[in-house]
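Participant: Here it is: the structure, laid out below.
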Amino acid sequence: MEDIVAYLKAERGQDWRADLRKSMKAKERTSKLRVKMPEEDPNTRNTNNVEVNTGLSVEQAVLEAQRCLDCPDPTCMQGCPVGINIPKFIKKIETEDFLGAASVLKETNGLPAVCGRVCPQEKQCESTCFYTVKMKKIPVAIGYLERFAADFERDSGQMAIPETGDSNKIKVGIVGSGPAGLAAAGDLAKFGYDVTVFEALHEIGGVLKYGIPEFRLPNDIVDVEINNLKKMGVNFRINFIVGKTASFDDLKADGYQAFFVGSGAGLPRFMNIPGENYNGIFSSNEYLTRVNLMNAADPEYDTPVISGKNVAVIGGGNTAMDSVRTAKRLGAERSMIIYRRSEAEMPARVEEVIHAKEEGIEFMNLHNPLEYYADENGRVNSMKIQKMELGEPDASGRRRPVPIPGSEFIVDVDTVVVSVGVSPNPLIPASMPDLEVTDWGTIVVDKDSMQSSIPELFAGGDIVRGGATVILAMGDGRKAAAGMHAYIQEKVKAN
Amino acid sequence: MNKILEKEFFSKNVVQIVLEAPEIAKSRKPGHFVIIKMGKKGERIPLTIASADAAKGTITLVVQKVGVTSAKLAELEVGDSITDVVGPLGEATHIENVGTVLCAGGGVGVAPLLPIVEGFKKAGNRVVTILAARTKDLVILEEQMRAFSDEVIVMTDDGSYGKKGLVTAGMEEVIDREKVNLSVVIGPAVMMKFAALTTKKYNIETYASLNTIMVDGTGMCGACRVSVGGKTKFVCVDGPEFDAHKVDFDEMLSRLGAYKDQELKDYENFLKLQTA
Ligand SMILES: Cc1cc2nc3c(=O)[nH]c(=O)nc-3n(C[C@H](O)[C@H](O)[C@H](O)COP(=O)(O)OP(=O)(O)OC[C@H]3O[C@@H](n4cnc5c(N)ncnc54)[C@H](O)[C@@H]3O)c2cc1C
Ligand SMILES: Cc1cc2nc3c(=O)[nH]c(=O)nc-3n(C[C@H](O)[C@H](O)[C@H](O)COP(=O)(O)OP(=O)(O)OC[C@H]3O[C@@H](n4cnc5c(N)ncnc54)[C@H](O)[C@@H]3O)c2cc1C
Ligand code: SF4
Ligand code: SF4
Ligand code: FES
């Protein structure tokens with residue numbers, strides 16, 4: 001901890017930063033208004049798949065960077081799970097050294113173009129910015145600036161590939177190619193390991209590919225990052241399910257010394273209410289996978305998807321927002337969110353809720369489904385919904401939704417997407433009886449090294465946390481890479 | 001890439017393919033399946049591993065043409081490759097020595113039944129196998145089944161081969177004459193439904209291998225869900241085999257039809273393109 005404080009102080013003390021601070025009065029900085037992210041028109045974008053946020057211009061980025069006060073105690077950093085040196089990268093932007101800014105990001109975050117787009121900044125870095133905490137003002141747009149620097153670097157064609165250490169020829173395996181696995185792979189490659197990432201699906205990227213839609217996170221951006229890992233020597237094996245295609249023992253016999261499991265929280269939950277298995281009722285995973293991974297909406301592709309006229313999406317998280325906005329884009333006349341709490345409790349990123357509203361999504365907050373009904377072909381045609389009110393706070397600190405008796409009513413729907421959460425993917429625990437897991441199915445790990453009850457097996461991301469965020473998954477992957485490195489070095493020395 | 005090494009038509013619509021897939025060949029057990037996808041624009045479909053040769057590194061699939069993807073697969077030639085093959089998926093069949101096992105396969109369900117028949121025979125059971133088909137030309141794998149069965153009874157709907165009648169008639173014949181300890185049924189959902197009703201009458205433990213619609217095959221999407229004993233189960237990770245007396249076959253039948261209109265249209269277009 002002290003090291004970090006000293007390091008930040010030294011960095012901040014450099015002449016260029018001191019000069020920059022002096023170049024503009026704090027008052028002038030704080031009097032500027034936060035930039036507005038340029039966006040596609042809501043009534044056009046809800047009919048296509050182009051990215052909604054189009055990115056800051058150079059002028060906007062520099063102006064926004066000027067708002068940052070380069071605080072002596074940059075509290076923003078406490079809100080970032082990977083501890084990005086936020087003032088340093090922002091001040092690089094202010095001096096128009098955009099590539100320099102990108103390289104600061106890369107010190108601690110392998111996927112800045114992704115995080116700048118999908119981090120819930122209002123709960124993380126921006127929630128602890130001096131503007132938010134002390135001045136009760138709108139925070140510096142840290143996420144937008146992060147995205148700007150990362151995009152600038154990519155578009156410049158001068159993307160820096162991190163240096164890898166001398167190859168030590170030691171094989172390590174990564175299970176799952178989501179953000180946790182990719183982050184671990186990057187660091188292990190830097191340490192010099194011979195890294196292979198095993199992925200069950202036919203595409204690399206985990207939720208970044210099959211879950212989060214193109215209009216929020218274009219696949220190209222994820223692919224650029226994956227290509228960088230390939231350039232660093234990371235091997236990828238798609239269509240390979242560890243525990244099925246080959247067991248951990250098979251892989252150990254093949255020379256693998258340690259593993260990182262980032263297998264995600266892939267198992268969709270349903271509500272177990274009557275009629276939930278009628279046709280036209282999907283999990284959000286199925287709905288989004290058909291559209292994002294299998295391109296079902298494109299007639300050129302073979303996978304079908306049902307596109308309804310009246311679509312109800314159950315839930316209030318990012319997954320629910322992605323599903324309901326996807327439904328609109330597939331041509332729904334009515335796309336509704338049905339959420340049992342109020343908007344204040346919604347776990348989704350605030351920006352997504354705003355965008356959804358702009359696009360014509362209806363919000364039925366404080367409503368809960370009770371039952372589904374179907375036509376003679378078994379296709380859902382309506383549902384019974386009950387109104388809710390907020391009662392006492394529950395264990396999560398959020399006020400508990402309580403049904404209002406007699407408030408039930410029927411709504412016509414022909415498609416329903418159930419988006420009420422996921423459970424940890426059981427494939428790995430099921431294939432390893434000795435692995436310690438919680439009652440909930442998440443893998444138990446040491447919180448510093450991310451080592452599991454099986455010494456050569458490390459884990460992180462959603463399989464350890466349940467559903468979390470991209471940046472937390474990446475943070476885990478990096479911690480685990482360090483843990484694995486220490487473990488393997490120890491083992492090598494012992495021999 | 002998984003290269004096709006052999007290909008043989010059993011009937012106009014049923015083709016056997018031997019495929020290079022060394023890792024899967026080594027890990028698979030009876031009851032397991034794979035998911036395949038052809039080309040960037042292809043869809044993912046599940047197919048049972050009918051048999052495998054770990055030494056040669058090959059798996060064998062038996063495919064019935066029912067729609068676009070199965071028809072495209074049947075068109076591939078020896079030397080062609082299938083872009084994506086993943087597996088082995090699902091829980092393996094629980095095979096032990098129980099005494100007499102009555103195995104009933106209908107239509108292309110005979111293919112997934114083959115490794116199970118083999119497994120039970122090798123575990124020391126008496127195995128009686130019933131092969132059911134609409135007509136003579138659709139009876140497949142009879143020879144292979146005979147190699148692992150103590151007796152094979154062929155049933156055809158039209159009586160063009162073997163005995164005339166439905167699979168259930170053949171099952172009742174066996175049950176009437178000897179003690180059956182376990183039954184395994186695989187075929188179209190309707191057939192499994194009635195086969196299960198038949199064995200239920202006699203209280204014979206019965207497994208059915210369900211062929212629901214799937215996407216990922218790893219438990220991630222829930223497309224394959226069915227109700228078993230009133231609980232929702234995922235066929236790809238909890239199955240594909242379940243206690244046939246507890247499966248809600250009517251729900252399953254309805255869910256299998258979810259994309260029917262769209263699929264039929266796609267298939268007709270595909271056939272038109274082929275003949276154009
Ligand atoms: C629709 C949606 C929207 C979201 N939006 C946001 C957002 O805006 N911001 C945010 O921060 N977070 C968001 N999240 C959450 C975030 O995506 C996850 O927390 C994060 O992806 C978890 O990363 P992971 O690496 O642990 O797992 P995943 O991304 O789930 O990746 C796991 C991978 O492992 C593979 N796998 C599993 N088992 C095996 C095996 N045995 N062998 C080989 N491969 C295996 C899976 O196929 C998968 O590709 C969203 C999630 C969803 C579903
Ligand atoms: C675990 C499992 C194992 C299977 N093993 C085999 C096998 O060894 N050999 C084989 O030929 N098939 C097998 N199937 C069925 C096979 O997956 C389907 O026939 C295939 O998905 C059809 O794809 P398609 O694009 O050709 O037809 P589609 O266009 O998808 O469907 C055409 C018609 O077939 C019906 N249909 C769709 N999916 C299924 C299904 N799963 N079962 C029955 N009817 C369906 C549809 O209702 C539609 O009317 C298996 C299915 C499962 C779940
Ligand atoms: S990684 Fe996420 S939390 Fe950290 S600074 Fe970037 S946007 Fe904020
Ligand atoms: S807390 Fe806010 S103003 Fe201060 S350094 Fe961080 S981003 Fe800049
Ligand atoms: S096929 Fe997706 S969960 Fe079974």
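Ordering of the structure tokens sets the chain letters (A, B, ...), residue numbers begin anew at 1 in every chain, and ligands are numbered from 1 in the order given.
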Which residues of chain B are close to chain A, meaning at most 8 Å apart when you count only C-alpha atoms, and how do they look as a count of residues only?

Facilitator: 33

Participant: Neighbouring residues of ligand 4 are defined here as those with any atom at most 10 Å from a ligand atom, counting only C-alpha atoms and all ligand atoms; list them as a PDB file with N, CA and C atoms, in the first residue's frame.

Facilitator:
```
ATOM      1  N   ARG A  29     -11.228  24.809 -14.046  1.00  0.00           N
ATOM      2  CA  ARG A  29     -11.455  23.383 -14.343  1.00  0.00           C
ATOM      3  C   ARG A  29     -12.832  22.939 -13.855  1.00  0.00           C
ATOM      4  N   THR A  30     -13.156  23.329 -12.613  1.00  0.00           N
ATOM      5  CA  THR A  30     -14.411  22.818 -12.037  1.00  0.00           C
ATOM      6  C   THR A  30     -15.639  23.530 -12.596  1.00  0.00           C
ATOM      7  N   ALA A  65     -10.662  16.210 -20.118  1.00  0.00           N
ATOM      8  CA  ALA A  65      -9.449  15.930 -19.339  1.00  0.00           C
ATOM      9  C   ALA A  65      -9.086  17.136 -18.476  1.00  0.00           C
ATOM     10  N   GLN A  66      -9.386  18.319 -18.996  1.00  0.00           N
ATOM     11  CA  GLN A  66      -9.067  19.526 -18.218  1.00  0.00           C
ATOM     12  C   GLN A  66      -9.893  19.619 -16.941  1.00  0.00           C
ATOM     13  N   ARG A  67     -11.029  18.969 -16.920  1.00  0.00           N
ATOM     14  CA  ARG A  67     -11.845  19.018 -15.697  1.00  0.00           C
ATOM     15  C   ARG A  67     -11.160  18.296 -14.541  1.00  0.00           C
ATOM     16  N   CYS A  68     -10.399  17.281 -14.845  1.00  0.00           N
ATOM     17  CA  CYS A  68      -9.754  16.496 -13.778  1.00  0.00           C
ATOM     18  C   CYS A  68      -8.735  17.360 -13.044  1.00  0.00           C
ATOM     19  N   LEU A  69      -8.809  17.335 -11.706  1.00  0.00           N
ATOM     20  CA  LEU A  69      -7.993  18.228 -10.883  1.00  0.00           C
ATOM     21  C   LEU A  69      -6.627  17.653 -10.559  1.00  0.00           C
ATOM     22  N   ASP A  70      -6.344  16.452 -11.045  1.00  0.00           N
ATOM     23  CA  ASP A  70      -5.078  15.780 -10.708  1.00  0.00           C
ATOM     24  C   ASP A  70      -4.873  15.801  -9.196  1.00  0.00           C
ATOM     25  N   CYS A  71      -5.840  15.277  -8.493  1.00  0.00           N
ATOM     26  CA  CYS A  71      -5.879  15.358  -7.029  1.00  0.00           C
ATOM     27  C   CYS A  71      -4.647  14.722  -6.372  1.00  0.00           C
ATOM     28  N   PRO A  72      -4.195  15.301  -5.254  1.00  0.00           N
ATOM     29  CA  PRO A  72      -3.084  14.701  -4.510  1.00  0.00           C
ATOM     30  C   PRO A  72      -3.473  13.326  -3.965  1.00  0.00           C
ATOM     31  N   ASP A  73      -4.729  13.178  -3.589  1.00  0.00           N
ATOM     32  CA  ASP A  73      -5.210  11.859  -3.159  1.00  0.00           C
ATOM     33  C   ASP A  73      -6.322  11.463  -4.138  1.00  0.00           C
ATOM     34  N   PRO A  74      -5.937  10.813  -5.251  1.00  0.00           N
ATOM     35  CA  PRO A  74      -6.932  10.528  -6.290  1.00  0.00           C
ATOM     36  C   PRO A  74      -7.901   9.433  -5.849  1.00  0.00           C
ATOM     37  N   THR A  75      -8.977   9.853  -5.216  1.00  0.00           N
ATOM     38  CA  THR A  75      -9.938   8.896  -4.663  1.00  0.00           C
ATOM     39  C   THR A  75     -10.624   8.067  -5.755  1.00  0.00           C
ATOM     40  N   CYS A  76     -10.634   8.602  -6.982  1.00  0.00           N
ATOM     41  CA  CYS A  76     -11.210   7.851  -8.094  1.00  0.00           C
ATOM     42  C   CYS A  76     -10.611   6.458  -8.187  1.00  0.00           C
ATOM     43  N   MET A  77      -9.299   6.363  -7.921  1.00  0.00           N
ATOM     44  CA  MET A  77      -8.609   5.087  -8.093  1.00  0.00           C
ATOM     45  C   MET A  77      -9.125   4.014  -7.140  1.00  0.00           C
ATOM     46  N   GLN A  78      -9.634   4.453  -5.979  1.00  0.00           N
ATOM     47  CA  GLN A  78     -10.165   3.464  -5.035  1.00  0.00           C
ATOM     48  C   GLN A  78     -11.404   2.784  -5.610  1.00  0.00           C
ATOM     49  N   GLY A  79     -12.059   3.452  -6.531  1.00  0.00           N
ATOM     50  CA  GLY A  79     -13.270   2.875  -7.114  1.00  0.00           C
ATOM     51  C   GLY A  79     -12.994   1.965  -8.292  1.00  0.00           C
ATOM     52  N   ASN A  85      -4.084   4.036 -12.960  1.00  0.00           N
ATOM     53  CA  ASN A  85      -3.573   5.351 -12.557  1.00  0.00           C
ATOM     54  C   ASN A  85      -4.368   6.410 -13.329  1.00  0.00           C
ATOM     55  N   ILE A  86      -5.538   6.715 -12.787  1.00  0.00           N
ATOM     56  CA  ILE A  86      -6.504   7.534 -13.513  1.00  0.00           C
ATOM     57  C   ILE A  86      -5.999   8.963 -13.795  1.00  0.00           C
ATOM     58  N   PRO A  87      -5.513   9.696 -12.768  1.00  0.00           N
ATOM     59  CA  PRO A  87      -5.070  11.068 -13.095  1.00  0.00           C
ATOM     60  C   PRO A  87      -3.939  11.072 -14.123  1.00  0.00           C
ATOM     61  N   LYS A  88      -3.058  10.093 -14.045  1.00  0.00           N
ATOM     62  CA  LYS A  88      -1.938  10.107 -14.987  1.00  0.00           C
ATOM     63  C   LYS A  88      -2.426   9.940 -16.423  1.00  0.00           C
ATOM     64  N   PHE A  89      -3.355   8.996 -16.642  1.00  0.00           N
ATOM     65  CA  PHE A  89      -3.780   8.798 -18.036  1.00  0.00           C
ATOM     66  C   PHE A  89      -4.601   9.988 -18.513  1.00  0.00           C
ATOM     67  N   ILE A  90      -5.364  10.582 -17.596  1.00  0.00           N
ATOM     68  CA  ILE A  90      -6.187  11.727 -18.014  1.00  0.00           C
ATOM     69  C   ILE A  90      -5.296  12.937 -18.334  1.00  0.00           C
ATOM     70  N   LYS A  91      -4.261  13.108 -17.533  1.00  0.00           N
ATOM     71  CA  LYS A  91      -3.366  14.257 -17.805  1.00  0.00           C
ATOM     72  C   LYS A  91      -2.590  14.053 -19.112  1.00  0.00           C
ATOM     73  N   CYS A 125     -15.268   3.870 -10.501  1.00  0.00           N
ATOM     74  CA  CYS A 125     -14.346   5.010 -10.448  1.00  0.00           C
ATOM     75  C   CYS A 125     -15.048   6.369 -10.330  1.00  0.00           C
ATOM     76  N   GLU A 126     -16.121   6.557 -11.082  1.00  0.00           N
ATOM     77  CA  GLU A 126     -16.736   7.886 -11.079  1.00  0.00           C
ATOM     78  C   GLU A 126     -17.505   8.155  -9.784  1.00  0.00           C
ATOM     79  N   SER A 127     -17.850   7.069  -9.070  1.00  0.00           N
ATOM     80  CA  SER A 127     -18.587   7.273  -7.814  1.00  0.00           C
ATOM     81  C   SER A 127     -17.659   7.788  -6.714  1.00  0.00           C
ATOM     82  N   THR A 128     -16.351   7.569  -6.884  1.00  0.00           N
ATOM     83  CA  THR A 128     -15.425   8.012  -5.835  1.00  0.00           C
ATOM     84  C   THR A 128     -14.573   9.192  -6.298  1.00  0.00           C
ATOM     85  N   CYS A 129     -14.904   9.766  -7.437  1.00  0.00           N
ATOM     86  CA  CYS A 129     -14.193  10.952  -7.932  1.00  0.00           C
ATOM     87  C   CYS A 129     -14.451  12.129  -6.980  1.00  0.00           C
ATOM     88  N   PHE A 130     -13.456  12.965  -6.852  1.00  0.00           N
ATOM     89  CA  PHE A 130     -13.543  14.150  -5.986  1.00  0.00           C
ATOM     90  C   PHE A 130     -14.803  14.974  -6.289  1.00  0.00           C
ATOM     91  N   TYR A 131     -15.119  15.099  -7.560  1.00  0.00           N
ATOM     92  CA  TYR A 131     -16.314  15.853  -7.959  1.00  0.00           C
ATOM     93  C   TYR A 131     -17.569  15.272  -7.298  1.00  0.00           C
ATOM     94  N   THR A 132     -17.698  13.954  -7.332  1.00  0.00           N
ATOM     95  CA  THR A 132     -18.893  13.302  -6.782  1.00  0.00           C
ATOM     96  C   THR A 132     -18.899  13.415  -5.267  1.00  0.00           C
ATOM     97  N   VAL A 133     -17.751  13.060  -4.672  1.00  0.00           N
ATOM     98  CA  VAL A 133     -17.719  12.891  -3.227  1.00  0.00           C
ATOM     99  C   VAL A 133     -17.700  14.229  -2.502  1.00  0.00           C
ATOM    100  N   LYS A 134     -16.813  15.125  -2.922  1.00  0.00           N
ATOM    101  CA  LYS A 134     -16.627  16.348  -2.154  1.00  0.00           C
ATOM    102  C   LYS A 134     -17.415  17.533  -2.711  1.00  0.00           C
ATOM    103  N   ILE A 138     -21.125  16.613 -11.045  1.00  0.00           N
ATOM    104  CA  ILE A 138     -21.050  15.455 -11.945  1.00  0.00           C
ATOM    105  C   ILE A 138     -19.579  15.069 -12.136  1.00  0.00           C
ATOM    106  N   PRO A 139     -19.238  13.811 -11.957  1.00  0.00           N
ATOM    107  CA  PRO A 139     -17.823  13.407 -11.966  1.00  0.00           C
ATOM    108  C   PRO A 139     -17.160  13.557 -13.333  1.00  0.00           C
ATOM    109  N   VAL A 140     -15.849  13.513 -13.313  1.00  0.00           N
ATOM    110  CA  VAL A 140     -15.078  13.461 -14.548  1.00  0.00           C
ATOM    111  C   VAL A 140     -15.492  12.183 -15.305  1.00  0.00           C
ATOM    112  N   ALA A 141     -15.624  12.298 -16.624  1.00  0.00           N
ATOM    113  CA  ALA A 141     -16.089  11.163 -17.428  1.00  0.00           C
ATOM    114  C   ALA A 141     -14.940  10.192 -17.670  1.00  0.00           C
ATOM    115  N   ILE A 142     -14.554   9.507 -16.602  1.00  0.00           N
ATOM    116  CA  ILE A 142     -13.367   8.647 -16.667  1.00  0.00           C
ATOM    117  C   ILE A 142     -13.541   7.542 -17.712  1.00  0.00           C
TER     118      ILE A 142
END
```

Participant: List as a PyMOL selection string the protein and nucleic acid residues lying within 6 Å of ligand 2, with only C-alpha atoms and all ligand atoms counted.

Facilitator: chain B and resi 33+45-48+62-71+108+111-112+211-213+240+256-257+260+263

Participant: Skipping near chain neighbours, those fewer than 2 positions away, what residues fall within 6 Å of segment 34-40 of chain A using only C-alpha atoms, listed as a list of chain:residue names?

Facilitator: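 Surrounding residues, per the criterion: A:Val52, A:Asn53, A:Thr54.
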
Participant: Name the residues, by chain letter and number, that sit within 10 Å of ligand 3 using only C-alpha atoms and all ligand atoms, and give them as a PyMOL selection string.

Facilitator: chain A and resi 76-87+89+105+108-128+141-147+469-472+474-475

Participant: Residues within 9 Å of Asn181 of chain B, please, as number ranges by chain. Count only C-alpha atoms; anything in the same chain fewer than 3 positions from it doesn't count.

Facilitator: B: 98-102, 204-205

Participant: Pull the helix (DSSP H, G or I) assignments for segment 336-483 of chain A out of DSSP run on the backbone, and list those residues as a VMD selection string.

Facilitator: chain A and resid 343 to 345 350 to 358 427 to 431 462 to 465 470 to 483

Participant: Can I get the selected residues back with N, CA, C and O atoms, as a compact mmCIF listing (two decimals), in the first residue's frame?

Facilitator:
```txt
# COMPACT_ATOMS: atom_id res chain seq x y z
N GLU A 343 -36.91 1.72 -10.09
CA GLU A 343 -35.75 2.05 -10.92
C GLU A 343 -34.50 2.28 -10.08
O GLU A 343 -33.39 1.94 -10.51
N ALA A 344 -34.66 2.84 -8.90
CA ALA A 344 -33.50 3.14 -8.05
C ALA A 344 -32.72 1.87 -7.72
O ALA A 344 -31.51 1.92 -7.50
N GLU A 345 -33.39 0.73 -7.67
CA GLU A 345 -32.70 -0.51 -7.30
C GLU A 345 -32.15 -1.27 -8.50
O GLU A 345 -31.50 -2.30 -8.34
N VAL A 350 -26.54 2.81 -15.45
CA VAL A 350 -27.50 3.91 -15.58
C VAL A 350 -27.63 4.32 -17.05
O VAL A 350 -28.74 4.55 -17.56
N GLU A 351 -26.50 4.39 -17.74
CA GLU A 351 -26.53 4.83 -19.14
C GLU A 351 -27.42 3.93 -20.00
O GLU A 351 -28.11 4.39 -20.91
N GLU A 352 -27.42 2.62 -19.69
CA GLU A 352 -28.22 1.69 -20.50
C GLU A 352 -29.70 1.91 -20.27
O GLU A 352 -30.52 1.77 -21.18
N VAL A 353 -30.06 2.24 -19.03
CA VAL A 353 -31.47 2.49 -18.72
C VAL A 353 -31.91 3.75 -19.48
O VAL A 353 -32.99 3.77 -20.10
N ILE A 354 -31.07 4.77 -19.48
CA ILE A 354 -31.40 6.00 -20.20
C ILE A 354 -31.54 5.71 -21.69
O ILE A 354 -32.51 6.10 -22.34
N HIS A 355 -30.57 4.99 -22.23
CA HIS A 355 -30.63 4.67 -23.66
C HIS A 355 -31.87 3.86 -24.00
O HIS A 355 -32.51 4.08 -25.02
N ALA A 356 -32.21 2.92 -23.13
CA ALA A 356 -33.38 2.09 -23.39
C ALA A 356 -34.64 2.96 -23.44
O ALA A 356 -35.47 2.81 -24.35
N LYS A 357 -34.76 3.87 -22.51
CA LYS A 357 -35.93 4.75 -22.52
C LYS A 357 -35.99 5.57 -23.80
O LYS A 357 -37.06 5.70 -24.42
N GLU A 358 -34.83 6.13 -24.20
CA GLU A 358 -34.80 6.92 -25.43
C GLU A 358 -35.27 6.10 -26.63
O GLU A 358 -35.84 6.62 -27.57
N LEU A 427 -20.03 -27.24 -14.93
CA LEU A 427 -19.23 -28.24 -15.65
C LEU A 427 -17.93 -28.58 -14.92
O LEU A 427 -17.58 -29.75 -14.76
N ILE A 428 -17.21 -27.57 -14.49
CA ILE A 428 -15.91 -27.81 -13.87
C ILE A 428 -16.06 -28.48 -12.49
O ILE A 428 -15.49 -29.54 -12.25
N PRO A 429 -16.86 -27.87 -11.59
CA PRO A 429 -17.03 -28.54 -10.29
C PRO A 429 -17.52 -29.98 -10.46
O PRO A 429 -17.06 -30.89 -9.75
N ALA A 430 -18.43 -30.23 -11.43
CA ALA A 430 -18.95 -31.59 -11.60
C ALA A 430 -17.85 -32.55 -12.04
O ALA A 430 -17.91 -33.74 -11.73
N SER A 431 -16.85 -32.04 -12.74
CA SER A 431 -15.81 -32.94 -13.22
C SER A 431 -14.69 -33.10 -12.20
O SER A 431 -13.75 -33.85 -12.41
N ASP A 462 -16.69 -14.74 -12.73
CA ASP A 462 -18.04 -15.10 -12.29
C ASP A 462 -18.13 -16.49 -11.65
O ASP A 462 -19.02 -16.72 -10.84
N ILE A 463 -17.23 -17.41 -11.96
CA ILE A 463 -17.30 -18.75 -11.37
C ILE A 463 -16.95 -18.67 -9.88
O ILE A 463 -17.30 -19.55 -9.10
N VAL A 464 -16.26 -17.60 -9.48
CA VAL A 464 -15.93 -17.41 -8.07
C VAL A 464 -16.90 -16.43 -7.41
O VAL A 464 -17.30 -16.59 -6.26
N ARG A 465 -17.33 -15.41 -8.15
CA ARG A 465 -18.14 -14.34 -7.57
C ARG A 465 -19.63 -14.49 -7.80
O ARG A 465 -20.42 -13.70 -7.26
N VAL A 470 -17.17 -7.17 -15.75
CA VAL A 470 -16.03 -7.44 -16.61
C VAL A 470 -14.73 -7.09 -15.88
O VAL A 470 -13.77 -7.88 -15.86
N ILE A 471 -14.70 -5.91 -15.28
CA ILE A 471 -13.43 -5.46 -14.70
C ILE A 471 -13.07 -6.27 -13.45
O ILE A 471 -11.90 -6.57 -13.21
N LEU A 472 -14.06 -6.71 -12.68
CA LEU A 472 -13.75 -7.56 -11.53
C LEU A 472 -13.21 -8.91 -12.01
O LEU A 472 -12.26 -9.46 -11.43
N ALA A 473 -13.79 -9.42 -13.07
CA ALA A 473 -13.30 -10.69 -13.63
C ALA A 473 -11.85 -10.54 -14.08
O ALA A 473 -11.00 -11.39 -13.84
N MET A 474 -11.57 -9.40 -14.73
CA MET A 474 -10.19 -9.18 -15.20
C MET A 474 -9.23 -9.03 -14.04
O MET A 474 -8.10 -9.53 -14.07
N GLY A 475 -9.66 -8.30 -13.02
CA GLY A 475 -8.82 -8.13 -11.83
C GLY A 475 -8.47 -9.49 -11.24
O GLY A 475 -7.32 -9.76 -10.90
N ASP A 476 -9.47 -10.37 -11.16
CA ASP A 476 -9.24 -11.72 -10.64
C ASP A 476 -8.23 -12.47 -11.50
O ASP A 476 -7.35 -13.17 -11.00
N GLY A 477 -8.40 -12.34 -12.82
CA GLY A 477 -7.51 -13.05 -13.73
C GLY A 477 -6.06 -12.62 -13.52
O GLY A 477 -5.14 -13.45 -13.51
N ARG A 478 -5.87 -11.33 -13.31
CA ARG A 478 -4.50 -10.84 -13.11
C ARG A 478 -3.94 -11.30 -11.77
O ARG A 478 -2.77 -11.68 -11.67
N LYS A 479 -4.77 -11.24 -10.73
CA LYS A 479 -4.31 -11.71 -9.42
C LYS A 479 -3.92 -13.18 -9.50
O LYS A 479 -2.90 -13.62 -8.96
N ALA A 480 -4.76 -13.95 -10.17
CA ALA A 480 -4.51 -15.39 -10.28
C ALA A 480 -3.22 -15.65 -11.05
O ALA A 480 -2.46 -16.56 -10.72
N ALA A 481 -2.97 -14.84 -12.09
CA ALA A 481 -1.74 -15.02 -12.86
C ALA A 481 -0.53 -14.85 -11.95
O ALA A 481 0.42 -15.65 -12.01
N ALA A 482 -0.59 -13.84 -11.10
CA ALA A 482 0.51 -13.64 -10.15
C ALA A 482 0.60 -14.82 -9.19
O ALA A 482 1.69 -15.32 -8.89
N GLY A 483 -0.56 -15.28 -8.71
CA GLY A 483 -0.59 -16.42 -7.79
C GLY A 483 -0.02 -17.67 -8.44
O GLY A 483 0.75 -18.42 -7.82
```

Participant: Show me, as a Markdown table, the residues of segment 105-204 of chain B having an atom within 8 Å of segment 6-21 of chain B, each with the closest atom pair and its distance in Å, using only C-alpha atoms.

Facilitator:
```
| residue | atom | partner | partner_atom | distance |
| --- | --- | --- | --- | --- |
| B:Val108 | CA | B:Val14 | CA | 7.6 |
| B:Asp137 | CA | B:Ser11 | CA | 6.2 |
| B:Leu138 | CA | B:Ser11 | CA | 6.2 |
| B:Ile140 | CA | B:Phe10 | CA | 6.2 |
| B:Leu141 | CA | B:Phe10 | CA | 7.9 |
```

Participant: If you count only C-alpha atoms, which residues fall within 12 Å of Lys231 of chain A, apart from same-chain ones fewer than 2 positions away, as number ranges by chain?

Facilitator: A: 159-164, 186, 189-190, 224-229, 233-236

Participant: Apply DSSP to the backbone of this structure and, from segment 17-239 of chain B, keep only the residues in strand (DSSP E or B); write these as a PyMOL selection string.

Facilitator: chain B and resi 17-20+33-37+45-48+51-53+58-64+81-82+84-89+100-106+126-133+151-156+163-164+182-186+206-209+225-228+231-234

Participant: As an exercise, work out the distance from atom CA of Tyr487 of chain A to atom CA of Trp440 of chain A in Å and give it to one decimal place.

Facilitator: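 These two atoms are separated by 27.4 Å.
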
Participant: Would you please work out which residue, of B:Met214, B:Ile175, B:Ala55, B:Met192, is nearest to ligand 5 when using only C-alpha atoms and all ligand atoms?

Facilitator: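 When distances to ligand 5 are compared using only C-alpha atoms and all ligand atoms, the smallest one comes from B:Met214.
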
Participant: Grab the atom CA of Val172 of chain A to atom CA of Lys447 of chain A distance for me, in Å with one decimal place.

Facilitator: 20.5 Å
